[in-house]
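See below for the structure under consideration.
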Amino acid sequence: MNITVIGTGYVGLVTGACFSELGVTVTCIDKDAAKIESLRQGKIPIFEPGLEEVVLKNIREKRLSFTTNMDEALDRSLVIFIAVGTPSDEAGNADLRFVREVAAGIGKRLREYKVIVTKSTVPMGTGAMIREIIEKNRPGDALFSVASNPEFLREGSAVEDFMHPNRIVIGTEDSQAAAILRDLYRPLYLIETPFVITDVVTAEMIKYASNAFLATKISFINEIARLCDRLGADVHDVARGMGLDNRIGRKFLHPGPGFGGSCFPKDTAAVVAVARSHGEDFKVVRAVMEVNDEQPEIMIRKILEVTGEPKGKVAAVLGISFKPNTDDIRESPALRIIEGLRSRGMQVRAYDPIAMDNARAVLSGITFCRDEYDAVTGADVLVIVTEWNQFRALDLERLRSLMKRPAIVDLRNVYEPAEMARRGFVYRCVGRRTLDPV
Ligand code: NAD
């Protein structure tokens, strides 16, 4: 089967590369000519573990190609995935400009039957909008189906998630399209991946409901951690005690500086906006957003409790990406924490293993460091914002010899409070009792 993926970002590139790995011939399209050119030369524009190997192998085996030209790719493809960005507009609605642009482009070139599938996260009703745009733009009366196939991959483990998903959701009103998509996903069906086949609007809703629920778990445990901080309870034990109940589950009950990334912040805002436009007030998700919005400021207060007067003090910030194993810094809580420290007069020395180039493009007035030990040199406090593996076993003696004061604010609860006190560090974390250094 030949397919086209339009939009070659985190989702489009992973989708295209992984389908080609499953034996499908894939053309990835993007309007960003520089990105396409570098992909053609085998250069991967994002950091995603395992992706480069899959891309290079399938370019070599001629199942994966890249172009900016819609005409040639669409003609030979039966299935066209839309994987362009759907960022938030100022009111929190998903901005569907790119989706509309692509739908019109597909419509203008529609000469024979195609299945047009949204992989982008789009508000309920977008499938119907795409259908209308294509009908309006098609030159003749070629038939087509519209389907929704939301993507659930996580950055940092996207290839693994694509190849071993928890489920595949296919929304379409058309049995022919459902059969074609089921056939496309047959290799995953054979490894017993559950399929949810439903209508378009329900599939669109499943994606928003899933992300809103996951974000709810994060804000929930962050509020529990705030209470733990006040009461002297231990949030790790609380999360474990809760999570062992199968009805709750252990995942996503880890407190921290709040959720970021390209999905949860915009998808929670979008679901609230969709609800509002249909006369519903989605109170739970509004509260989830409010808690998350407060979280970086609460983290900054923890840092200031350790340093005292911030003016002239130096903070070493480890981790800028919104989570480990990605270079994505979109909506990363690290950005707000760094800005907050800087605006209070602190000097910031920052290091991230992979996201430095992206960080340099948006942050100014801070010192970008060579590694974690360079970052802590002369620092009054070390702040762990993203739990990259290499920050999990720092050489504490070396830290102590390089820092002005041995003080750590661990926003991901990587270290054990008792051990840190024993090693002579002033140590603060999220929702766990800490001890004075011995
Ligand atoms: P991205 O910004 O990394 O990539 C989007 C790409 O689309 C860009 O390369 C852009 O140049 C391209 N594009 C925009 N308009 C185009 C057009 N008219 N023609 C061709 N290309 C065009 O975005 P992403 O993170 O891959 O997200 C894409 C969608 O998938 C979003 O709706 C997002 O919510 C959803 N999603 C993302 C993730 C994730 O972890 N990143 C997970 C699941 C779902």
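Each chain in the structure tokens gets a letter, A, B, ..., in the order shown, and its residues are numbered from 1; ligands are numbered from 1 in order too.
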| region 192-202 of chain A surroundings by only C-alpha atoms, 9 Å radius, close-in-sequence under 6 positions cut, as number ranges by chain | A: 123-128, 146-149, 164-174, 178, 182
Sorted by chain and rising residue number, which residues of chain A lie within 8 Å of ligand 1, and what are their closest atom pairs and distances in Å to one decimal, counting only C-alpha atoms and all ligand atoms, as a tab-separated table?
```
residue	atom	partner	partner_atom_place_in_ligand_line	distance
A:Ile6	CA	ligand 1	20 (C)	5.2
A:Gly7	CA	ligand 1	7 (O)	3.4
A:Thr8	CA	ligand 1	9 (O)	4.7
A:Gly9	CA	ligand 1	4 (O)	3.2
A:Tyr10	CA	ligand 1	26 (O)	3.6
A:Val11	CA	ligand 1	26 (O)	3.8
A:Gly12	CA	ligand 1	26 (O)	5.6
A:Leu13	CA	ligand 1	26 (O)	7.5
A:Ile29	CA	ligand 1	20 (C)	5.7
A:Asp30	CA	ligand 1	21 (N)	3.6
A:Lys31	CA	ligand 1	20 (C)	4.2
A:Asp32	CA	ligand 1	11 (O)	4.9
A:Lys35	CA	ligand 1	9 (O)	7.4
A:Thr68	CA	ligand 1	20 (C)	7.3
A:Ala83	CA	ligand 1	28 (C)	5.0
A:Val84	CA	ligand 1	7 (O)	3.6
A:Gly85	CA	ligand 1	28 (C)	4.1
A:Thr86	CA	ligand 1	32 (O)	4.3
A:Pro87	CA	ligand 1	32 (O)	7.1
A:Phe98	CA	ligand 1	15 (N)	4.6
A:Val99	CA	ligand 1	18 (N)	7.0
A:Glu101	CA	ligand 1	18 (N)	5.3
A:Val102	CA	ligand 1	18 (N)	4.9
A:Lys119	CA	ligand 1	30 (O)	6.1
A:Ser120	CA	ligand 1	32 (O)	3.5
A:Thr121	CA	ligand 1	32 (O)	3.9
A:Val122	CA	ligand 1	32 (O)	6.2
A:Pro150	CA	ligand 1	44 (C)	6.8
A:Glu151	CA	ligand 1	43 (C)	4.6
A:Phe152	CA	ligand 1	43 (C)	4.9
A:Leu153	CA	ligand 1	42 (C)	5.2
A:Arg154	CA	ligand 1	40 (O)	5.0
A:Glu155	CA	ligand 1	40 (O)	4.8
A:Ala158	CA	ligand 1	40 (O)	7.6
A:Gly261	CA	ligand 1	40 (O)	7.6
A:Ser262	CA	ligand 1	41 (N)	5.7
A:Cys263	CA	ligand 1	34 (O)	5.2
A:Lys266	CA	ligand 1	34 (O)	7.7
A:Asp267	CA	ligand 1	34 (O)	7.2
```
Would you list, as a VMD selection string, the residues of region 42-143 of chain A that end up in strand (DSSP E or B) under DSSP run on this structure's backbone? chain A and resid 64 to 67 79 to 82 88 94 114 to 118
Please dump the current selection as a short mmCIF file (atom, residue, chain, number, x, y, z; two decimals), in the first residue's frame; keep N, CA and C atoms.
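Once everything was written out, this is result-v7.cif:
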```
data_model
loop_
_atom_site.label_atom_id
_atom_site.label_comp_id
_atom_site.auth_asym_id
_atom_site.auth_seq_id
_atom_site.Cartn_x
_atom_site.Cartn_y
_atom_site.Cartn_z
N LEU A 64 10.61 4.84 2.17
CA LEU A 64 10.32 6.12 2.84
C LEU A 64 10.97 7.25 2.05
N SER A 65 10.15 8.23 1.66
CA SER A 65 10.72 9.39 0.95
C SER A 65 10.07 10.67 1.46
N PHE A 66 10.70 11.78 1.12
CA PHE A 66 10.29 13.08 1.65
C PHE A 66 10.14 14.07 0.51
N THR A 67 9.10 14.89 0.57
CA THR A 67 8.91 15.89 -0.47
C THR A 67 8.11 17.09 0.08
N VAL A 79 -4.18 6.17 1.17
CA VAL A 79 -4.49 6.75 2.47
C VAL A 79 -3.62 7.99 2.68
N ILE A 80 -4.24 9.05 3.13
CA ILE A 80 -3.50 10.29 3.40
C ILE A 80 -3.71 10.67 4.86
N PHE A 81 -2.63 10.70 5.61
CA PHE A 81 -2.71 11.11 7.02
C PHE A 81 -2.43 12.60 7.13
N ILE A 82 -3.22 13.28 7.93
CA ILE A 82 -2.94 14.69 8.24
C ILE A 82 -2.31 14.71 9.64
N SER A 88 -2.59 26.14 20.12
CA SER A 88 -3.68 26.91 20.74
C SER A 88 -3.74 28.31 20.17
N ALA A 94 -8.21 25.14 19.59
CA ALA A 94 -7.20 24.59 18.68
C ALA A 94 -7.27 25.41 17.39
N LYS A 114 -9.89 8.15 -2.03
CA LYS A 114 -8.84 8.20 -1.01
C LYS A 114 -9.49 8.17 0.38
N VAL A 115 -8.72 7.69 1.35
CA VAL A 115 -9.15 7.81 2.75
C VAL A 115 -8.30 8.91 3.38
N ILE A 116 -8.96 9.92 3.89
CA ILE A 116 -8.23 11.05 4.51
C ILE A 116 -8.39 10.92 6.02
N VAL A 117 -7.26 10.79 6.69
CA VAL A 117 -7.27 10.43 8.11
C VAL A 117 -6.60 11.53 8.93
N THR A 118 -7.26 12.01 9.99
CA THR A 118 -6.57 12.96 10.88
C THR A 118 -5.84 12.20 11.98
#
```
Margin query: Can you tell me which residues surround region 215-220 of chain A at a distance of at most 7 Å, considering only C-alpha atoms, apart from same-chain residues fewer than 4 positions away, and format the answer as a ChimeraX atom specification?
Written below: /A:211,224,252-255,264,285,288,291-292
Spatial neighbours of region 382-390 of chain A, max dist 6 Å, only C-alpha atoms, sep filter under 3 positions, as a ChimeraX atom specification:
/A:315-319,323-324,408-411
Write a file of the just-selected residues containing N, CA and C atoms, as a CSV table (one decimal), in the first residue's frame.
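out.csv, written as the output of this step:
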```csv
chain,number,residue,atom,x,y,z
A,315,ALA,N,21.7,30.1,40.4
A,315,ALA,CA,21.0,28.8,40.4
A,315,ALA,C,21.5,28.0,39.2
A,316,ALA,N,21.9,26.8,39.4
A,316,ALA,CA,22.2,25.8,38.4
A,316,ALA,C,20.9,25.0,38.0
A,317,VAL,N,20.4,25.1,36.8
A,317,VAL,CA,19.2,24.4,36.4
A,317,VAL,C,19.6,23.3,35.5
A,318,LEU,N,19.2,22.1,36.0
A,318,LEU,CA,19.5,20.9,35.2
A,318,LEU,C,18.2,20.4,34.5
A,319,GLY,N,18.2,20.4,33.2
A,319,GLY,CA,17.0,19.9,32.5
A,319,GLY,C,16.2,21.0,32.0
A,323,LYS,N,10.3,16.9,29.3
A,323,LYS,CA,10.5,15.6,30.0
A,323,LYS,C,11.8,15.0,29.4
A,324,PRO,N,12.3,13.9,30.0
A,324,PRO,CA,13.6,13.3,29.5
A,324,PRO,C,13.4,12.7,28.2
A,408,ILE,N,20.3,21.5,47.1
A,408,ILE,CA,19.7,21.0,46.0
A,408,ILE,C,18.1,21.1,46.1
A,409,VAL,N,17.5,21.6,45.1
A,409,VAL,CA,16.0,21.6,45.0
A,409,VAL,C,15.7,20.6,43.9
A,410,ASP,N,15.1,19.5,44.3
A,410,ASP,CA,14.9,18.4,43.4
A,410,ASP,C,13.4,18.3,43.0
A,411,LEU,N,13.1,18.9,41.8
A,411,LEU,CA,11.6,19.0,41.5
A,411,LEU,C,11.1,17.7,40.9
```
* To do: Could you jot down the CA of Pro333 (chain A) to CA of Met299 (chain A) separation for me, Å, one decimal place?
  =>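 According to the coordinates, CA of Pro333 (chain A) and CA of Met299 (chain A) are separated by 9.7 Å.
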Shortest contact to Leu184 (chain A), candidates A:Ile366, A:Thr25, A:Asn358, A:Gly378, atoms counted only C-alpha atoms, goes to A:Thr25
Mind the document's chain letters and residue numbers, and return as a ChimeraX atom specification the residues of region 233-337 of chain A that DSSP labels alpha helix (DSSP H).
/A:235-243,264-277,283-307,333-337
File of the preceding selection, C-alpha atoms, as a compact mmCIF listing (two decimals), in the first residue's frame:
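Output contents, as saved in part-v9.txt:
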```txt
# COMPACT_ATOMS: atom_id res chain seq x y z
CA VAL A 235 3.68 11.73 48.51
CA HIS A 236 5.60 8.71 47.17
CA ASP A 237 3.98 6.43 49.70
CA VAL A 238 0.61 8.08 49.07
CA ALA A 239 0.97 7.53 45.30
CA ARG A 240 2.02 3.93 45.80
CA GLY A 241 -0.75 3.29 48.28
CA MET A 242 -3.28 4.77 45.85
CA GLY A 243 -1.80 3.34 42.68
CA PHE A 264 -1.44 18.49 27.59
CA PRO A 265 -1.44 22.30 27.94
CA LYS A 266 -3.06 22.90 24.56
CA ASP A 267 -5.39 19.89 24.66
CA THR A 268 -6.78 20.74 28.10
CA ALA A 269 -7.36 24.32 26.91
CA ALA A 270 -9.00 23.07 23.73
CA VAL A 271 -11.39 20.67 25.47
CA VAL A 272 -12.50 23.45 27.80
CA ALA A 273 -12.99 25.75 24.78
CA VAL A 274 -14.99 23.12 22.87
CA ALA A 275 -17.16 22.50 25.93
CA ARG A 276 -17.73 26.23 26.34
CA SER A 277 -18.76 26.64 22.72
CA LYS A 283 -15.00 22.46 35.60
CA VAL A 284 -12.66 19.56 36.32
CA VAL A 285 -10.32 20.37 33.45
CA ARG A 286 -10.42 24.09 34.22
CA ALA A 287 -9.20 23.28 37.72
CA VAL A 288 -6.52 20.98 36.30
CA MET A 289 -5.21 23.86 34.18
CA GLU A 290 -5.32 26.28 37.12
CA VAL A 291 -3.33 23.94 39.37
CA ASN A 292 -0.79 23.40 36.61
CA ASP A 293 -0.45 27.10 35.98
CA GLU A 294 0.40 27.70 39.66
CA GLN A 295 2.92 24.88 39.89
CA PRO A 296 6.09 26.60 38.51
CA GLU A 297 5.60 29.51 40.92
CA ILE A 298 5.28 27.10 43.84
CA MET A 299 8.53 25.48 42.69
CA ILE A 300 10.22 28.90 42.56
CA ARG A 301 9.14 29.52 46.17
CA LYS A 302 10.83 26.25 47.17
CA ILE A 303 14.04 27.47 45.52
CA LEU A 304 13.86 30.85 47.24
CA GLU A 305 13.32 29.20 50.63
CA VAL A 306 16.74 27.64 50.14
CA THR A 307 18.62 30.63 48.74
CA PRO A 333 7.93 24.24 33.10
CA ALA A 334 11.72 24.81 33.05
CA LEU A 335 11.19 27.90 30.90
CA ARG A 336 8.88 29.53 33.44
CA ILE A 337 11.08 28.56 36.36
```
* To do: Have a look at A:Asp380, A:Asp71, A:Glu419, A:Asp328 and name the one nearest to Pro406 (chain A); count only C-alpha atoms.
  =>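 Smallest distance to Pro406 (chain A) is found for A:Asp380.
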Counting only C-alpha atoms, the residue among A:Arg405, A:Gly424, A:Gly431, A:Ile133 that lies closest to Ala225 (chain A) is A:Gly431
One decimal place gives the CA of Ser364 (chain A)-CA of Ala407 (chain A) separation as 24.9 Å
Show me, as a PyMOL selection string, the residues that have an atom within 7 Å of Asp229 (chain A) when counting only C-alpha atoms, minus same-chain residues fewer than 2 positions from it. chain A and resi 225-227+231-233+431-433
So that I can see what lies close to Phe425 (chain A), please list as number ranges by chain the residues with an atom at most 10 Å from it, counting only C-alpha atoms and leaving out residues fewer than 3 positions away in the same chain. A: 396, 400, 405-408, 417-422, 428, 435-438
Go ahead and save the picked residues with all heavy atoms, as a CSV table (one decimal), in the first residue's frame.
```
chain,number,residue,atom,x,y,z
A,396,LEU,N,28.1,13.4,44.2
A,396,LEU,CA,27.7,14.4,45.2
A,396,LEU,C,29.0,15.1,45.8
A,396,LEU,O,28.9,16.3,46.1
A,396,LEU,CB,26.9,13.8,46.3
A,396,LEU,CG,25.6,13.2,45.9
A,396,LEU,CD1,24.9,12.5,47.0
A,396,LEU,CD2,24.7,14.2,45.3
A,400,ARG,N,29.6,19.1,45.7
A,400,ARG,CA,29.9,19.9,46.9
A,400,ARG,C,31.2,20.7,46.7
A,400,ARG,O,31.2,21.9,47.1
A,400,ARG,CB,30.0,19.0,48.1
A,400,ARG,CG,30.0,19.7,49.4
A,400,ARG,CD,30.9,19.1,50.4
A,400,ARG,NE,30.5,17.7,50.6
A,400,ARG,CZ,29.5,17.3,51.4
A,400,ARG,NH1,28.8,18.2,52.0
A,400,ARG,NH2,29.2,16.0,51.5
A,405,ARG,N,27.4,26.6,47.8
A,405,ARG,CA,26.8,26.0,49.0
A,405,ARG,C,26.2,24.7,48.6
A,405,ARG,O,25.6,24.6,47.5
A,405,ARG,CB,25.6,26.8,49.5
A,405,ARG,CG,25.9,28.2,50.0
A,405,ARG,CD,24.5,28.9,50.4
A,405,ARG,NE,23.7,28.1,51.3
A,405,ARG,CZ,22.4,28.2,51.3
A,405,ARG,NH1,21.7,28.9,50.5
A,405,ARG,NH2,21.7,27.5,52.2
A,406,PRO,N,26.3,23.6,49.4
A,406,PRO,CA,25.7,22.3,49.0
A,406,PRO,C,24.2,22.3,49.2
A,406,PRO,O,23.7,21.9,50.2
A,406,PRO,CB,26.4,21.3,49.9
A,406,PRO,CG,26.8,22.1,51.1
A,406,PRO,CD,26.9,23.5,50.7
A,407,ALA,N,23.4,22.8,48.2
A,407,ALA,CA,21.9,22.9,48.3
A,407,ALA,C,21.3,22.4,47.0
A,407,ALA,O,21.7,22.8,45.9
A,407,ALA,CB,21.5,24.3,48.6
A,408,ILE,N,20.3,21.5,47.1
A,408,ILE,CA,19.7,21.0,46.0
A,408,ILE,C,18.1,21.1,46.1
A,408,ILE,O,17.6,20.7,47.2
A,408,ILE,CB,20.0,19.5,45.8
A,408,ILE,CG1,21.5,19.3,45.5
A,408,ILE,CG2,19.2,18.9,44.6
A,408,ILE,CD1,22.0,17.9,45.3
A,417,PRO,N,15.6,11.9,50.5
A,417,PRO,CA,15.9,13.0,51.5
A,417,PRO,C,16.9,12.6,52.6
A,417,PRO,O,17.8,13.4,52.9
A,417,PRO,CB,14.5,13.3,52.1
A,417,PRO,CG,13.5,12.9,51.0
A,417,PRO,CD,14.1,11.7,50.3
A,418,ALA,N,16.7,11.4,53.1
A,418,ALA,CA,17.6,11.0,54.3
A,418,ALA,C,19.0,10.9,53.8
A,418,ALA,O,20.0,11.4,54.5
A,418,ALA,CB,17.1,9.7,54.9
A,419,GLU,N,19.2,10.3,52.7
A,419,GLU,CA,20.6,10.2,52.1
A,419,GLU,C,21.2,11.6,51.9
A,419,GLU,O,22.4,11.8,52.1
A,419,GLU,CB,20.5,9.3,50.8
A,419,GLU,CG,21.7,9.3,49.9
A,419,GLU,CD,22.9,8.5,50.5
A,419,GLU,OE1,22.7,8.0,51.6
A,419,GLU,OE2,23.9,8.5,49.9
A,420,MET,N,20.4,12.5,51.3
A,420,MET,CA,21.0,13.8,51.0
A,420,MET,C,21.4,14.5,52.3
A,420,MET,O,22.4,15.2,52.3
A,420,MET,CB,19.9,14.7,50.2
A,420,MET,CG,19.6,14.1,48.9
A,420,MET,SD,21.0,13.6,47.9
A,420,MET,CE,21.5,15.2,47.3
A,421,ALA,N,20.6,14.4,53.4
A,421,ALA,CA,20.9,15.0,54.6
A,421,ALA,C,22.2,14.4,55.2
A,421,ALA,O,23.1,15.1,55.6
A,421,ALA,CB,19.8,14.8,55.6
A,422,ARG,N,22.3,13.1,55.1
A,422,ARG,CA,23.5,12.4,55.5
A,422,ARG,C,24.7,12.9,54.8
A,422,ARG,O,25.8,13.0,55.4
A,422,ARG,CB,23.3,10.9,55.3
A,422,ARG,CG,24.2,10.0,56.2
A,422,ARG,CD,23.9,8.5,56.1
A,422,ARG,NE,24.1,8.1,54.7
A,422,ARG,CZ,25.3,7.9,54.1
A,422,ARG,NH1,26.4,8.2,54.8
A,422,ARG,NH2,25.4,7.5,52.8
A,428,ARG,N,15.6,20.0,49.2
A,428,ARG,CA,14.2,20.2,49.2
A,428,ARG,C,13.6,19.4,47.9
A,428,ARG,O,14.3,19.4,46.9
A,428,ARG,CB,13.8,21.6,49.0
A,428,ARG,CG,14.1,22.5,50.2
A,428,ARG,CD,13.2,22.2,51.4
A,428,ARG,NE,13.7,23.0,52.6
A,428,ARG,CZ,14.6,22.6,53.4
A,428,ARG,NH1,15.3,21.5,53.3
A,428,ARG,NH2,15.0,23.4,54.5
A,435,LEU,N,15.2,16.5,55.7
A,435,LEU,CA,15.8,16.6,57.0
A,435,LEU,C,17.0,17.6,56.9
A,435,LEU,O,17.5,17.9,55.8
A,435,LEU,CB,16.5,15.2,57.4
A,435,LEU,CG,15.5,14.0,57.3
A,435,LEU,CD1,16.3,12.7,57.4
A,435,LEU,CD2,14.5,14.1,58.5
A,436,ASP,N,17.3,18.1,58.1
A,436,ASP,CA,18.5,19.1,58.1
A,436,ASP,C,19.7,18.3,57.8
A,436,ASP,O,19.9,17.1,58.3
A,436,ASP,CB,18.6,19.8,59.4
A,436,ASP,CG,17.5,20.8,59.6
A,436,ASP,OD1,17.0,21.3,58.5
A,436,ASP,OD2,17.1,21.1,60.7
A,437,PRO,N,20.7,18.9,57.1
A,437,PRO,CA,21.9,18.2,56.8
A,437,PRO,C,22.6,17.8,58.1
A,437,PRO,O,22.6,18.6,59.1
A,437,PRO,CB,22.8,19.1,56.0
A,437,PRO,CG,22.0,20.4,56.0
A,437,PRO,CD,20.7,20.2,56.5
A,438,VAL,N,23.3,16.7,58.1
A,438,VAL,CA,24.0,16.2,59.3
A,438,VAL,C,25.3,16.9,59.4
A,438,VAL,O,26.0,17.0,58.4
A,438,VAL,CB,24.2,14.7,59.2
A,438,VAL,CG1,24.9,14.2,60.5
A,438,VAL,CG2,22.9,14.0,59.0
```
Item to check | Among the residues A:Val159, A:Arg330, A:Glu21, A:Glu372, the one that comes closest to Arg398 (chain A) [using only C-alpha atoms] | outcome: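 With only C-alpha atoms as the atom set, the closest residue is A:Glu372.
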